[in-house]
Amino acid sequence: MIANWQRHVRSSPRAQDTASALLLFAVSFPGSLYVGAGSPSPAAPWWTAALLSCVSCTALLFHRDHPRTALALTTAAAVASAAQGRLLTVLSLGPLMVALYSFALRTEHNALRRSYALGVAALLMTTELIAGPADRPLDLKTVGPAAWVLMPTALGSAVRLRRAYLDAVRARAEHAERTREEEARRRVAEERLRIARELHDVTAQHLALANAQAGTLAHLLRGQPDQVHKILAGLATTTSAALRELKATVGLLRHEGTEGTEGTVNTEGTETTEGASSPTAPGLARLAGLTASFRSAGLDVTVSTEGEPRQLTPAADLTAFRIVQEALTNVTKHAAAKSARVRLTYSHDRLTLTVADDGGTVRSAPPTPPIPCGGFGLIGMRERAQSVGGRLRAGPRSGGGFEVRAELPLGETALAIHETASAIRPCPGAKPPSPGR
């Protein structure tokens, strides 16, 4: 029975308040019966002390929802008890102290808590000075009531600050946990997007070249069999390079610690970190071999350079190579062109890269059948340019053909833009408005 009652009290705030009020009445009523011998007021009957204690303790039943009302009633009862010449002790002021603690705990404004506490202390000290016993020392009439009033106020304020601090710590911990999870998901999404882009660049170029070379081979077998061996050698080189780069790129998926990290790659010909490349990563230094592979497929590629060539960052160098590779692959796959031009223009702070085809007549070898829907070529090139702080435009030329134009920063400008882009990175997987080619 007693155990059930205790469990009910612990689980019910109203039961806790009722039990506290009964205990305080059992303490405050006997404590308020003491009357000083030198009190100027006539002795009040005992039932007035019981009534005032009952009012104070009953007011505590509402201290959770109406702390100001509870504080006002307990203050009025304490002042009335002091006006009757009764001694203000810690026992008689028990309900008032609990009301002050509850008020301080539930009031947000510090100034309001201080003003209420000082006002209650002033009322009690003034009443004690006027109606208190004459033989009672002055410090007990002033310091005593003030101490019993200010102490629960300070305690309630401290508990409130402690709870606010714990809530803030808990909120920061939850926010940090959510941030870590979101960051992990973002990095995984970025890594998947980067792997997909790398696989697209590797497979699209080599498969398009192999397809074109196979078509040329079939055409030459009928009319020019003496050139078959040259085409076969080029086809073997193309497929070997495709397998090598595909193996290096797929090795990323098997690399330990890749998931959830940003760009960790230990492969041949791919990046090792976001914005960097491995020592064997392709760059503009391999542009001659790239254009030669397209010439073997029947596309005449010319390369021109304007300005003084400057050193690119590893990320910009890889990006420039991949853009040229993808643009020439698109010419091979989608255009009825016999030639393409690659122009590199160096300025003091950027490299302007232009790849254009002539949009001419149909080649002797049959072209690759058109893709039924938009691909990811232009999307990947644009994402690569933006990843190093550059920009890319692509579209039909006024004189016929198609042109891809990319502007990539150089030197310190590239590093500064890349750091800014890394700090403020767009949501991975966002699709640009223009379709791929």
# chains A, B, ... in the order shown; residues from 1 in each chain; ligands from 1
$ residues_around --residues "stretch 110-113 of chain A" --least-positions-apart "2" --cutoff "12 Å" --atoms "only C-alpha atoms" --output "VMD selection string"
chain A and resid 67 to 68 71 100 to 108 115 to 120 149 to 150 152 to 158 160 to 161
$ select_by_dssp --residues "stretch 53-142 of chain A" --states "alpha helix (DSSP H)" --output "NGL selection string"
:A and (53-59 or 67-83 or 94-106 or 110-131 or 138-142)
$ closest_residue --among "A:Ala356, A:Ala320, A:Leu123, A:Ala83" --to "A:Gly400" --atoms "only C-alpha atoms"
A:Ala356
$ closest_residue --among "A:Leu410, A:Ile195, A:Leu61, A:Leu51" --to "A:Ser20" --atoms "only C-alpha atoms"
A:Leu61
$ closest_atom_pairs --of "stretch 43-137 of chain A" --to "stretch 26-34 of chain A" --cutoff "9 Å" --atoms "only C-alpha atoms" --output "JSON lines"
{"residue": "A:Trp46", "atom": "CA", "partner": "A:Leu33", "partner_atom": "CA", "distance": 6.7}
{"residue": "A:Ala49", "atom": "CA", "partner": "A:Ser32", "partner_atom": "CA", "distance": 6.1}
{"residue": "A:Ala50", "atom": "CA", "partner": "A:Phe29", "partner_atom": "CA", "distance": 5.6}
{"residue": "A:Leu51", "atom": "CA", "partner": "A:Phe29", "partner_atom": "CA", "distance": 8.8}
{"residue": "A:Leu52", "atom": "CA", "partner": "A:Phe29", "partner_atom": "CA", "distance": 8.3}
{"residue": "A:Ser53", "atom": "CA", "partner": "A:Phe29", "partner_atom": "CA", "distance": 5.6}
{"residue": "A:Cys54", "atom": "CA", "partner": "A:Phe29", "partner_atom": "CA", "distance": 8.1}
{"residue": "A:Cys57", "atom": "CA", "partner": "A:Ser28", "partner_atom": "CA", "distance": 8.8}
{"residue": "A:Ser81", "atom": "CA", "partner": "A:Ser32", "partner_atom": "CA", "distance": 7.5}
{"residue": "A:Gly85", "atom": "CA", "partner": "A:Tyr34", "partner_atom": "CA", "distance": 8.8}
{"residue": "A:Arg86", "atom": "CA", "partner": "A:Tyr34", "partner_atom": "CA", "distance": 5.7}
{"residue": "A:Leu87", "atom": "CA", "partner": "A:Tyr34", "partner_atom": "CA", "distance": 5.8}
{"residue": "A:Leu88", "atom": "CA", "partner": "A:Ser32", "partner_atom": "CA", "distance": 7.4}
{"residue": "A:Thr89", "atom": "CA", "partner": "A:Gly31", "partner_atom": "CA", "distance": 7.0}
{"residue": "A:Val90", "atom": "CA", "partner": "A:Gly31", "partner_atom": "CA", "distance": 8.1}
{"residue": "A:Leu91", "atom": "CA", "partner": "A:Ser28", "partner_atom": "CA", "distance": 5.0}
{"residue": "A:Ser92", "atom": "CA", "partner": "A:Ser28", "partner_atom": "CA", "distance": 4.4}
{"residue": "A:Leu93", "atom": "CA", "partner": "A:Ser28", "partner_atom": "CA", "distance": 7.0}
{"residue": "A:Gly94", "atom": "CA", "partner": "A:Ser28", "partner_atom": "CA", "distance": 6.3}
{"residue": "A:Pro95", "atom": "CA", "partner": "A:Ser28", "partner_atom": "CA", "distance": 7.5}
$ write_last_selection --atoms "all heavy atoms" --output "compact mmCIF listing (two decimals), in the first residue's frame"
# COMPACT_ATOMS: atom_id res chain seq x y z
N TRP A 46 -4.46 31.65 17.95
CA TRP A 46 -3.67 30.64 17.25
C TRP A 46 -4.26 30.27 15.90
O TRP A 46 -3.55 29.89 14.97
CB TRP A 46 -3.58 29.37 18.10
CG TRP A 46 -4.92 28.71 18.32
CD1 TRP A 46 -5.78 28.94 19.34
CD2 TRP A 46 -5.52 27.73 17.45
NE1 TRP A 46 -6.92 28.17 19.21
CE2 TRP A 46 -6.78 27.40 18.03
CE3 TRP A 46 -5.16 27.10 16.28
CZ2 TRP A 46 -7.65 26.49 17.47
CZ3 TRP A 46 -6.04 26.17 15.72
CH2 TRP A 46 -7.26 25.88 16.31
N ALA A 49 -2.85 31.94 12.85
CA ALA A 49 -1.61 31.34 12.33
C ALA A 49 -1.92 30.12 11.47
O ALA A 49 -1.30 29.90 10.41
CB ALA A 49 -0.69 30.97 13.48
N ALA A 50 -2.89 29.31 11.92
CA ALA A 50 -3.27 28.14 11.12
C ALA A 50 -3.89 28.55 9.79
O ALA A 50 -3.61 27.93 8.73
CB ALA A 50 -4.26 27.28 11.91
N LEU A 51 -4.72 29.64 9.81
CA LEU A 51 -5.34 30.10 8.56
C LEU A 51 -4.29 30.61 7.58
O LEU A 51 -4.33 30.29 6.39
CB LEU A 51 -6.36 31.18 8.88
CG LEU A 51 -7.09 31.79 7.67
CD1 LEU A 51 -7.88 30.71 6.95
CD2 LEU A 51 -8.00 32.93 8.11
N LEU A 52 -3.36 31.41 8.10
CA LEU A 52 -2.32 31.95 7.20
C LEU A 52 -1.44 30.84 6.64
O LEU A 52 -1.06 30.84 5.47
CB LEU A 52 -1.49 32.99 7.94
CG LEU A 52 -2.23 34.27 8.35
CD1 LEU A 52 -1.33 35.18 9.18
CD2 LEU A 52 -2.71 35.02 7.10
N SER A 53 -1.08 29.87 7.47
CA SER A 53 -0.29 28.75 6.98
C SER A 53 -1.06 27.92 5.96
O SER A 53 -0.49 27.44 4.95
CB SER A 53 0.13 27.85 8.14
OG SER A 53 0.98 28.53 9.03
N CYS A 54 -2.36 27.76 6.19
CA CYS A 54 -3.19 27.00 5.25
C CYS A 54 -3.26 27.73 3.90
O CYS A 54 -3.17 27.11 2.83
CB CYS A 54 -4.58 26.80 5.82
SG CYS A 54 -5.68 25.83 4.76
N CYS A 57 0.20 27.32 2.11
CA CYS A 57 0.44 25.98 1.59
C CYS A 57 -0.52 25.62 0.46
O CYS A 57 -0.14 24.90 -0.48
CB CYS A 57 0.32 24.96 2.73
SG CYS A 57 1.59 25.15 4.00
N SER A 81 1.40 37.64 8.89
CA SER A 81 1.91 36.98 10.09
C SER A 81 2.90 37.88 10.83
O SER A 81 2.87 37.98 12.07
CB SER A 81 2.56 35.64 9.72
OG SER A 81 3.08 35.00 10.87
N GLY A 85 2.90 40.39 14.88
CA GLY A 85 3.96 40.29 15.88
C GLY A 85 4.60 38.93 15.97
O GLY A 85 5.37 38.65 16.90
N ARG A 86 4.31 38.05 15.02
CA ARG A 86 4.89 36.72 15.07
C ARG A 86 6.31 36.77 14.50
O ARG A 86 6.64 37.58 13.63
CB ARG A 86 4.04 35.73 14.27
CG ARG A 86 2.58 35.69 14.76
CD ARG A 86 1.78 34.63 14.01
NE ARG A 86 0.38 34.67 14.40
CZ ARG A 86 -0.13 34.11 15.49
NH1 ARG A 86 0.67 33.45 16.32
NH2 ARG A 86 -1.41 34.20 15.78
N LEU A 87 7.15 35.89 14.98
CA LEU A 87 8.55 35.83 14.55
C LEU A 87 8.63 35.20 13.17
O LEU A 87 8.01 34.15 12.90
CB LEU A 87 9.38 35.03 15.54
CG LEU A 87 9.45 35.57 16.97
CD1 LEU A 87 10.27 34.65 17.85
CD2 LEU A 87 10.04 36.98 16.96
N LEU A 88 9.42 35.84 12.25
CA LEU A 88 9.64 35.30 10.93
C LEU A 88 10.86 34.38 10.99
O LEU A 88 12.01 34.81 10.97
CB LEU A 88 9.88 36.43 9.91
CG LEU A 88 8.67 37.34 9.66
CD1 LEU A 88 9.01 38.42 8.64
CD2 LEU A 88 7.46 36.53 9.18
N THR A 89 10.60 33.09 11.04
CA THR A 89 11.67 32.10 11.10
C THR A 89 11.68 31.30 9.80
O THR A 89 10.78 31.42 8.95
CB THR A 89 11.46 31.16 12.29
OG1 THR A 89 10.22 30.45 12.11
CG2 THR A 89 11.38 31.95 13.60
N VAL A 90 12.68 30.47 9.66
CA VAL A 90 12.76 29.63 8.47
C VAL A 90 11.60 28.66 8.39
O VAL A 90 11.17 28.25 7.31
CB VAL A 90 14.12 28.89 8.45
CG1 VAL A 90 14.20 27.90 9.59
CG2 VAL A 90 14.33 28.19 7.11
N LEU A 91 11.04 28.29 9.54
CA LEU A 91 9.88 27.40 9.54
C LEU A 91 8.64 28.11 9.04
O LEU A 91 7.90 27.58 8.19
CB LEU A 91 9.64 26.86 10.95
CG LEU A 91 10.78 26.02 11.56
CD1 LEU A 91 10.41 25.60 12.98
CD2 LEU A 91 11.06 24.79 10.68
N SER A 92 8.36 29.30 9.55
CA SER A 92 7.15 30.02 9.14
C SER A 92 7.24 30.52 7.69
O SER A 92 6.23 30.69 7.02
CB SER A 92 6.91 31.20 10.07
OG SER A 92 8.00 32.11 10.02
N LEU A 93 8.48 30.78 7.21
CA LEU A 93 8.66 31.27 5.84
C LEU A 93 8.86 30.14 4.84
O LEU A 93 9.20 30.39 3.68
CB LEU A 93 9.87 32.21 5.77
CG LEU A 93 9.72 33.53 6.53
CD1 LEU A 93 11.00 34.34 6.43
CD2 LEU A 93 8.55 34.35 5.99
N GLY A 94 8.67 28.88 5.26
CA GLY A 94 8.87 27.75 4.35
C GLY A 94 8.05 27.82 3.08
O GLY A 94 8.59 27.68 1.97
N PRO A 95 6.71 28.04 3.15
CA PRO A 95 5.92 28.14 1.92
C PRO A 95 6.38 29.29 1.01
O PRO A 95 6.42 29.14 -0.22
CB PRO A 95 4.50 28.36 2.43
CG PRO A 95 4.49 27.78 3.80
CD PRO A 95 5.85 28.05 4.35
$ atom_distance --atom1 "atom CA of A:Leu284" --atom2 "atom CA of A:Ala337"
23.5 Å
$ atom_distance --atom1 "atom CA of A:Leu392" --atom2 "atom CA of A:Ala297"
26.5 Å
$ atom_distance --atom1 "atom CA of A:Ser56" --atom2 "atom CA of A:Ala82"
13.8 Å
$ closest_residue --among "A:Arg286, A:His109, A:Val55, A:Ala327" --to "A:Leu24" --atoms "only C-alpha atoms"
A:Val55
$ closest_residue --among "A:Leu60, A:Leu378, A:Thr142, A:His348" --to "A:Ala72" --atoms "only C-alpha atoms"
A:Leu60
$ closest_residue --among "A:Val169, A:Ala146, A:Leu138, A:Ala316" --to "A:Met97" --atoms "only C-alpha atoms"
A:Ala146
